[in-house]
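Input: a single structure, listed below in structure tokens.
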Amino acid sequence: MTAFRTFGPAEIRAAVGLAELIEPVARVLAEFSQGRGESPIVVFAPAGQDGDVHVKSAWLPGMPVFTVKVAAWFAARATAGPAAHSGFIAVLDAATGDLRALLRDDHHLTDLRTAAAGAVAARLLARADARTVAVLGTGTQAYLQVLAVRAVRPVDTVLIWGRNQEAAHRLAARLPELTAVVAAEPEAAVRRADIVVTATSSRQPILRGQWLAPGQHVTAIGADDPGKAELDPDCFARADLLAVDSRRDTPRIAGDLRAAIDAGAVQADDVHAELGELVLGRHPGRRDDSQLTVAKLIGLGVQDLASAEVALRRLEGSTR
């Protein structure tokens, strides 16, 4: 076995940002939707509602490496001082299986690749003239999703709602280049928006379908396991175009989409496209400015593979 390098959070943050990952994530989503490679997902919750673990791995033909990622969220970790999230990505040689690098990113690459998928979804599904985004959530992912939307649409206004109003104001302060408005209620933010992003760990719906209007786009990324929910069943029932990252896994793992299927609001066959199919042009995407579009994303191992490959290439290049 050859020697491997370990890279820490500070090195990884300095090496790669959101802009470097949007196109690589789009490419691997397209490959995934062509049935290439494998991207299995395991989710378990050893701490119940107070902690979950996502184990995601992936390989793709032609890639020099494959990856195994462990991403965890534990409430007890936050009370001890650091953030609730933690994690690492093991990068292994695709020819020998040897461990090439351990990326101790503390969830940074997961955050970036999730935001990159949000950028791809907005580019493919949001109206070209969308200028106002409502974000439900106040954490790191809420911030990154606003940056992701700005990368692909001429957004100049962000409407922020969170259960913690102080956190919402802190997020607004991090976006001085935008007109940032903190909303007292989620409905007020949603009704004024062209694009709606949900980025929370909620276990009950925070977005109601009755608030949505023709022409809006929704990217929902928070409810990424069976116990979570951000969208009520009516959000899915009202969608003129419902896209997911995985036809097989998203209805199984996403708690809110699973609930909508169980309630009979939609069926699994009502998913119109995978995000990768939209990238490939196999589905035309938004047909006109009056359609209501929804992208329900859980995050795939191929996204971790793309982010790890880019990060490792840049990290190894910087140490030569």
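In the structure tokens, chains take letters A, B, ... by order of appearance, with residues numbered from 1 within each chain and ligands from 1 in the order shown.
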
What parts of segment 32-279 of chain A does DSSP call alpha helix (DSSP H)? I'd like the answer as an MDAnalysis selection string. chainID A and resid 32:33 75:79 108:125 140:152 165:173 186:191 233:238 250:253 255:262 275:279

Using only C-alpha atoms, which protein or nucleic acid residues come within 12 Å of Leu242 of chain A? Drop anything in the same chain fewer than 6 positions from it, and give the result as a PDB file with N, CA and C atoms, in the first residue's frame.
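In the end it all went to result.pdb:
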ATOM      1  N   ALA A 121     -29.496  23.307 -10.710  1.00  0.00           N
ATOM      2  CA  ALA A 121     -30.959  23.271 -10.735  1.00  0.00           C
ATOM      3  C   ALA A 121     -31.539  24.626 -11.111  1.00  0.00           C
ATOM      4  N   LEU A 125     -33.814  25.372 -14.374  1.00  0.00           N
ATOM      5  CA  LEU A 125     -35.247  25.398 -14.080  1.00  0.00           C
ATOM      6  C   LEU A 125     -35.806  26.767 -13.722  1.00  0.00           C
ATOM      7  N   HIS A 217     -39.630  28.933  -9.021  1.00  0.00           N
ATOM      8  CA  HIS A 217     -38.825  27.710  -8.950  1.00  0.00           C
ATOM      9  C   HIS A 217     -38.472  27.453  -7.494  1.00  0.00           C
ATOM     10  N   VAL A 218     -38.516  26.183  -7.078  1.00  0.00           N
ATOM     11  CA  VAL A 218     -38.165  25.773  -5.722  1.00  0.00           C
ATOM     12  C   VAL A 218     -37.016  24.776  -5.792  1.00  0.00           C
ATOM     13  N   THR A 219     -35.962  25.034  -5.017  1.00  0.00           N
ATOM     14  CA  THR A 219     -34.916  24.045  -4.803  1.00  0.00           C
ATOM     15  C   THR A 219     -34.951  23.646  -3.339  1.00  0.00           C
ATOM     16  N   ALA A 220     -35.226  22.368  -3.072  1.00  0.00           N
ATOM     17  CA  ALA A 220     -35.354  21.868  -1.705  1.00  0.00           C
ATOM     18  C   ALA A 220     -34.214  20.895  -1.432  1.00  0.00           C
ATOM     19  N   CYS A 235     -46.923  20.991  -2.364  1.00  0.00           N
ATOM     20  CA  CYS A 235     -45.825  21.543  -3.176  1.00  0.00           C
ATOM     21  C   CYS A 235     -45.513  20.617  -4.345  1.00  0.00           C
ATOM     22  N   PHE A 236     -45.467  19.331  -4.065  1.00  0.00           N
ATOM     23  CA  PHE A 236     -45.168  18.365  -5.116  1.00  0.00           C
ATOM     24  C   PHE A 236     -46.351  18.202  -6.069  1.00  0.00           C
ATOM     25  N   THR A 250     -34.129   9.284  -4.415  1.00  0.00           N
ATOM     26  CA  THR A 250     -34.756  10.462  -3.816  1.00  0.00           C
ATOM     27  C   THR A 250     -36.132  10.156  -3.244  1.00  0.00           C
ATOM     28  N   PRO A 251     -37.036   9.463  -3.961  1.00  0.00           N
ATOM     29  CA  PRO A 251     -38.336   9.159  -3.352  1.00  0.00           C
ATOM     30  C   PRO A 251     -38.214   8.245  -2.131  1.00  0.00           C
ATOM     31  N   LEU A 257     -40.815  14.078   0.181  1.00  0.00           N
ATOM     32  CA  LEU A 257     -41.320  13.458  -1.043  1.00  0.00           C
ATOM     33  C   LEU A 257     -41.935  12.101  -0.728  1.00  0.00           C
ATOM     34  N   VAL A 266     -48.799  12.606  -4.921  1.00  0.00           N
ATOM     35  CA  VAL A 266     -48.080  12.300  -6.156  1.00  0.00           C
ATOM     36  C   VAL A 266     -47.690  10.830  -6.118  1.00  0.00           C
ATOM     37  N   GLN A 267     -47.245  10.327  -7.248  1.00  0.00           N
ATOM     38  CA  GLN A 267     -46.693   8.989  -7.333  1.00  0.00           C
ATOM     39  C   GLN A 267     -45.223   9.101  -7.739  1.00  0.00           C
ATOM     40  N   ALA A 268     -44.467   8.051  -7.474  1.00  0.00           N
ATOM     41  CA  ALA A 268     -43.055   8.064  -7.861  1.00  0.00           C
ATOM     42  C   ALA A 268     -42.909   8.316  -9.359  1.00  0.00           C
ATOM     43  N   ASP A 269     -43.877   7.840 -10.140  1.00  0.00           N
ATOM     44  CA  ASP A 269     -43.821   8.036 -11.596  1.00  0.00           C
ATOM     45  C   ASP A 269     -44.085   9.486 -11.998  1.00  0.00           C
ATOM     46  N   ASP A 270     -44.520  10.319 -11.051  1.00  0.00           N
ATOM     47  CA  ASP A 270     -44.775  11.723 -11.372  1.00  0.00           C
ATOM     48  C   ASP A 270     -43.502  12.553 -11.425  1.00  0.00           C
ATOM     49  N   VAL A 271     -42.367  11.958 -11.056  1.00  0.00           N
ATOM     50  CA  VAL A 271     -41.086  12.644 -11.234  1.00  0.00           C
ATOM     51  C   VAL A 271     -40.832  12.777 -12.736  1.00  0.00           C
ATOM     52  N   HIS A 272     -40.621  13.997 -13.184  1.00  0.00           N
ATOM     53  CA  HIS A 272     -40.486  14.238 -14.615  1.00  0.00           C
ATOM     54  C   HIS A 272     -39.068  14.028 -15.126  1.00  0.00           C
ATOM     55  N   ALA A 273     -38.067  14.291 -14.289  1.00  0.00           N
ATOM     56  CA  ALA A 273     -36.695  14.208 -14.778  1.00  0.00           C
ATOM     57  C   ALA A 273     -35.714  14.153 -13.630  1.00  0.00           C
ATOM     58  N   GLU A 274     -34.587  13.531 -13.872  1.00  0.00           N
ATOM     59  CA  GLU A 274     -33.426  13.692 -13.012  1.00  0.00           C
ATOM     60  C   GLU A 274     -32.685  14.955 -13.444  1.00  0.00           C
ATOM     61  N   LEU A 275     -31.967  15.534 -12.509  1.00  0.00           N
ATOM     62  CA  LEU A 275     -31.192  16.729 -12.828  1.00  0.00           C
ATOM     63  C   LEU A 275     -30.200  16.434 -13.962  1.00  0.00           C
ATOM     64  N   LEU A 278     -31.737  16.649 -17.343  1.00  0.00           N
ATOM     65  CA  LEU A 278     -31.872  18.032 -17.797  1.00  0.00           C
ATOM     66  C   LEU A 278     -30.548  18.556 -18.334  1.00  0.00           C
ATOM     67  N   HIS A 283     -34.560  15.876 -21.261  1.00  0.00           N
ATOM     68  CA  HIS A 283     -35.839  16.488 -20.913  1.00  0.00           C
ATOM     69  C   HIS A 283     -35.708  17.972 -21.195  1.00  0.00           C
ATOM     70  N   GLY A 285     -36.878  20.543 -19.810  1.00  0.00           N
ATOM     71  CA  GLY A 285     -36.869  21.463 -18.680  1.00  0.00           C
ATOM     72  C   GLY A 285     -38.050  22.420 -18.720  1.00  0.00           C
ATOM     73  N   ARG A 286     -37.856  23.624 -18.185  1.00  0.00           N
ATOM     74  CA  ARG A 286     -38.923  24.623 -18.160  1.00  0.00           C
ATOM     75  C   ARG A 286     -39.345  24.969 -19.586  1.00  0.00           C
ATOM     76  N   GLN A 291     -44.601  28.098 -15.717  1.00  0.00           N
ATOM     77  CA  GLN A 291     -44.511  26.816 -15.025  1.00  0.00           C
ATOM     78  C   GLN A 291     -43.967  26.975 -13.607  1.00  0.00           C
ATOM     79  N   LEU A 292     -44.494  26.164 -12.697  1.00  0.00           N
ATOM     80  CA  LEU A 292     -43.965  26.033 -11.345  1.00  0.00           C
ATOM     81  C   LEU A 292     -43.050  24.819 -11.334  1.00  0.00           C
ATOM     82  N   THR A 293     -41.776  25.027 -11.036  1.00  0.00           N
ATOM     83  CA  THR A 293     -40.802  23.940 -11.068  1.00  0.00           C
ATOM     84  C   THR A 293     -40.257  23.675  -9.670  1.00  0.00           C
ATOM     85  N   VAL A 294     -40.013  22.398  -9.386  1.00  0.00           N
ATOM     86  CA  VAL A 294     -39.489  21.981  -8.086  1.00  0.00           C
ATOM     87  C   VAL A 294     -38.332  21.021  -8.318  1.00  0.00           C
ATOM     88  N   ALA A 295     -37.204  21.283  -7.682  1.00  0.00           N
ATOM     89  CA  ALA A 295     -36.077  20.354  -7.663  1.00  0.00           C
ATOM     90  C   ALA A 295     -35.901  19.848  -6.238  1.00  0.00           C
ATOM     91  N   LYS A 296     -36.105  18.551  -6.051  1.00  0.00           N
ATOM     92  CA  LYS A 296     -35.958  17.926  -4.738  1.00  0.00           C
ATOM     93  C   LYS A 296     -34.669  17.106  -4.744  1.00  0.00           C
ATOM     94  N   LEU A 297     -33.684  17.548  -3.952  1.00  0.00           N
ATOM     95  CA  LEU A 297     -32.350  16.969  -4.013  1.00  0.00           C
ATOM     96  C   LEU A 297     -31.925  16.406  -2.662  1.00  0.00           C
TER      97      LEU A 297
END

Provide the atom CA of Pro233 of chain A to atom CA of Arg258 of chain A distance in Å, to one decimal place. 9.1 Å

To test your reading of the structure, identify every residue in segment 30-265 of chain A that backbone DSSP assigns to strand (DSSP E or B), and report it as number ranges by chain. A: 38, 41-44, 51-59, 65-74, 85-93, 99-103, 132-136, 157-161, 179-182, 195-198, 207, 217-220, 231, 241-244

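Minimum atom-to-atom distance to Asp256 of chain A, evaluated using only C-alpha atoms, belongs to A:Ile206 out of A:Gly276, A:Ile206, A:Trp211, A:Val42.
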
Kindly indicate which residue among A:Ala119, A:Ala223, A:Val91, A:Ala172 lies nearest to Leu18 of chain A, using only C-alpha atoms for the distances.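 Looking at the shortest contact to Leu18 of chain A, the residue is A:Ala119.
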
Skipping near chain neighbours, those fewer than 2 positions away, what residues fall within 7 Å of Leu21 of chain A using only C-alpha atoms, listed as a list of chain:residue names?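 Within the cut-off, the hits are A:Leu18, A:Ala19, A:Glu23, A:Pro24, A:Val25, A:Arg113, A:Ala116, A:Ser307.
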
How would the residues just chosen look if you wrote them out with N, CA and C atoms as a PDB file, in the first residue's frame?
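Done, and the output landed in selection33.pdb:
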ATOM      1  N   LEU A  18     -16.871  27.295  -4.377  1.00  0.00           N
ATOM      2  CA  LEU A  18     -18.086  26.940  -5.111  1.00  0.00           C
ATOM      3  C   LEU A  18     -17.893  27.053  -6.619  1.00  0.00           C
ATOM      4  N   ALA A  19     -17.255  28.110  -7.066  1.00  0.00           N
ATOM      5  CA  ALA A  19     -17.137  28.353  -8.508  1.00  0.00           C
ATOM      6  C   ALA A  19     -16.446  27.201  -9.227  1.00  0.00           C
ATOM      7  N   GLU A  23     -19.492  23.205 -12.641  1.00  0.00           N
ATOM      8  CA  GLU A  23     -19.434  22.419 -13.878  1.00  0.00           C
ATOM      9  C   GLU A  23     -19.066  20.961 -13.629  1.00  0.00           C
ATOM     10  N   PRO A  24     -18.075  20.642 -12.767  1.00  0.00           N
ATOM     11  CA  PRO A  24     -17.819  19.228 -12.469  1.00  0.00           C
ATOM     12  C   PRO A  24     -19.031  18.497 -11.905  1.00  0.00           C
ATOM     13  N   VAL A  25     -19.808  19.159 -11.037  1.00  0.00           N
ATOM     14  CA  VAL A  25     -21.014  18.525 -10.499  1.00  0.00           C
ATOM     15  C   VAL A  25     -22.045  18.308 -11.602  1.00  0.00           C
ATOM     16  N   ARG A 113     -20.572  21.022  -2.746  1.00  0.00           N
ATOM     17  CA  ARG A 113     -21.173  20.249  -3.837  1.00  0.00           C
ATOM     18  C   ARG A 113     -22.695  20.321  -3.787  1.00  0.00           C
ATOM     19  N   ALA A 116     -23.432  23.567  -5.375  1.00  0.00           N
ATOM     20  CA  ALA A 116     -23.197  23.457  -6.817  1.00  0.00           C
ATOM     21  C   ALA A 116     -24.392  22.811  -7.508  1.00  0.00           C
ATOM     22  N   SER A 307     -16.247  16.617  -6.283  1.00  0.00           N
ATOM     23  CA  SER A 307     -15.633  17.639  -5.421  1.00  0.00           C
ATOM     24  C   SER A 307     -14.294  17.162  -4.877  1.00  0.00           C
TER      25      SER A 307
END

If we count only C-alpha atoms, what is near Leu305 of chain A at a cut-off of 8 Å, once residues fewer than 3 positions away on the same chain are taken out, given as an NGL selection string? :A and (57-59 or 65-67 or 301-302 or 308-309)

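Comparing A:Pro61, A:Gly37, A:Gly255, A:Gly118 by their smallest distance to Ser202 of chain A, the closest is A:Gly255 (using only C-alpha atoms).
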
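Take the candidates A:Arg313, A:Arg174, A:Arg248, A:Arg5 and check each one against Ser39 of chain A using only C-alpha atoms; the shortest distance goes to A:Arg248.
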
Residues of segment 90-170 of chain A that approach segment 191-196 of chain A to 6 Å or less, counting only C-alpha atoms: could you list each one with the shortest pair of atoms and its distance in Å to one decimal, rows by chain and increasing residue number, as a tab-separated table?
residue	atom	partner	partner_atom	distance
A:Ala130	CA	A:Asp194	CA	5.4
A:Thr132	CA	A:Ala193	CA	5.1
A:Val133	CA	A:Ile195	CA	4.6
A:Ala134	CA	A:Val196	CA	4.8
A:Val135	CA	A:Val196	CA	5.9

May I have the selected residues written with C-alpha atoms, as an mmCIF file, in the first residue's frame?
data_model
loop_
_atom_site.group_PDB
_atom_site.id
_atom_site.type_symbol
_atom_site.label_atom_id
_atom_site.label_comp_id
_atom_site.auth_asym_id
_atom_site.auth_seq_id
_atom_site.Cartn_x
_atom_site.Cartn_y
_atom_site.Cartn_z
ATOM 1 C CA ALA A 130 -35.367 35.697 -11.787
ATOM 2 C CA THR A 132 -35.480 37.658 -6.057
ATOM 3 C CA VAL A 133 -34.645 34.579 -3.990
ATOM 4 C CA ALA A 134 -36.308 33.534 -0.737
ATOM 5 C CA VAL A 135 -34.202 31.293 1.466
#

Please provide the set of residues having any atom within 12 Å of Ala72 of chain A, restricted to only C-alpha atoms, with same-chain residues fewer than 6 positions apart removed, written as a ChimeraX atom specification. /A:42-47,50-56,78,83-89,105-107,110

Residues from last step as file, N, CA and C atoms, as a short mmCIF file (atom, residue, chain, number, x, y, z; two decimals), in the first residue's frame:
data_model
loop_
_atom_site.label_atom_id
_atom_site.label_comp_id
_atom_site.auth_asym_id
_atom_site.auth_seq_id
_atom_site.Cartn_x
_atom_site.Cartn_y
_atom_site.Cartn_z
N VAL A 42 -26.14 5.11 2.15
CA VAL A 42 -26.62 4.53 3.41
C VAL A 42 -26.83 5.67 4.39
N VAL A 43 -28.00 5.70 5.01
CA VAL A 43 -28.31 6.73 6.01
C VAL A 43 -28.76 6.04 7.29
N PHE A 44 -28.18 6.44 8.41
CA PHE A 44 -28.65 5.90 9.69
C PHE A 44 -28.57 6.98 10.75
N ALA A 45 -29.30 6.77 11.84
CA ALA A 45 -29.44 7.81 12.87
C ALA A 45 -29.17 7.22 14.25
N PRO A 46 -27.90 7.09 14.64
CA PRO A 46 -27.59 6.50 15.95
C PRO A 46 -28.04 7.33 17.13
N ALA A 47 -28.28 8.62 16.90
CA ALA A 47 -28.75 9.49 17.99
C ALA A 47 -30.20 9.92 17.79
N ASP A 50 -31.42 13.55 17.15
CA ASP A 50 -30.30 14.41 17.55
C ASP A 50 -29.00 14.06 16.83
N GLY A 51 -29.08 13.22 15.80
CA GLY A 51 -27.86 12.92 15.07
C GLY A 51 -28.06 11.91 13.96
N ASP A 52 -27.51 12.21 12.77
CA ASP A 52 -27.61 11.25 11.67
C ASP A 52 -26.27 11.17 10.94
N VAL A 53 -26.10 10.08 10.22
CA VAL A 53 -24.87 9.81 9.49
C VAL A 53 -25.23 9.40 8.07
N HIS A 54 -24.57 10.03 7.09
CA HIS A 54 -24.74 9.68 5.68
C HIS A 54 -23.42 9.10 5.18
N VAL A 55 -23.47 7.88 4.67
CA VAL A 55 -22.31 7.25 4.06
C VAL A 55 -22.60 7.14 2.57
N LYS A 56 -21.82 7.86 1.77
CA LYS A 56 -22.05 7.90 0.32
C LYS A 56 -20.74 7.60 -0.40
N ALA A 78 -22.34 20.18 18.64
CA ALA A 78 -22.45 21.64 18.66
C ALA A 78 -22.39 22.18 20.08
N ALA A 83 -19.00 23.01 15.27
CA ALA A 83 -20.28 22.89 14.57
C ALA A 83 -20.84 21.48 14.72
N ALA A 84 -22.15 21.35 14.49
CA ALA A 84 -22.79 20.04 14.59
C ALA A 84 -22.32 19.09 13.50
N HIS A 85 -21.92 19.64 12.35
CA HIS A 85 -21.49 18.81 11.23
C HIS A 85 -20.03 18.38 11.37
N SER A 86 -19.74 17.19 10.88
CA SER A 86 -18.36 16.74 10.76
C SER A 86 -18.30 15.75 9.60
N GLY A 87 -17.09 15.37 9.21
CA GLY A 87 -17.01 14.39 8.15
C GLY A 87 -15.67 14.33 7.48
N PHE A 88 -15.53 13.34 6.59
CA PHE A 88 -14.31 13.18 5.81
C PHE A 88 -14.65 12.43 4.53
N ILE A 89 -13.75 12.54 3.55
CA ILE A 89 -13.87 11.78 2.31
C ILE A 89 -12.58 11.01 2.11
N ASP A 105 -12.55 17.29 5.73
CA ASP A 105 -13.08 18.59 5.32
C ASP A 105 -14.07 19.18 6.29
N ASP A 106 -14.49 18.43 7.32
CA ASP A 106 -15.50 18.91 8.27
C ASP A 106 -16.73 19.44 7.54
N HIS A 107 -17.15 18.69 6.51
CA HIS A 107 -18.39 18.96 5.79
C HIS A 107 -18.27 20.04 4.72
N THR A 110 -18.96 18.76 1.17
CA THR A 110 -20.39 18.43 1.07
C THR A 110 -21.21 19.70 0.92
#

Find the spatial neighbours of Ser201 of chain A, counting only C-alpha atoms, within a cut-off of 9 Å - ignore same-chain residues fewer than 3 positions away - and output them as a PyMOL selection string. chain A and resi 137+222-224+228-230

Distance criterion (only C-alpha atoms): nearest to Asp234 of chain A out of A:Leu109, A:Ile261, A:Leu99, A:Ile298: A:Ile261

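Put simply, atom CA of Leu178 of chain A is 26.8 Å away from atom CA of Gly209 of chain A.
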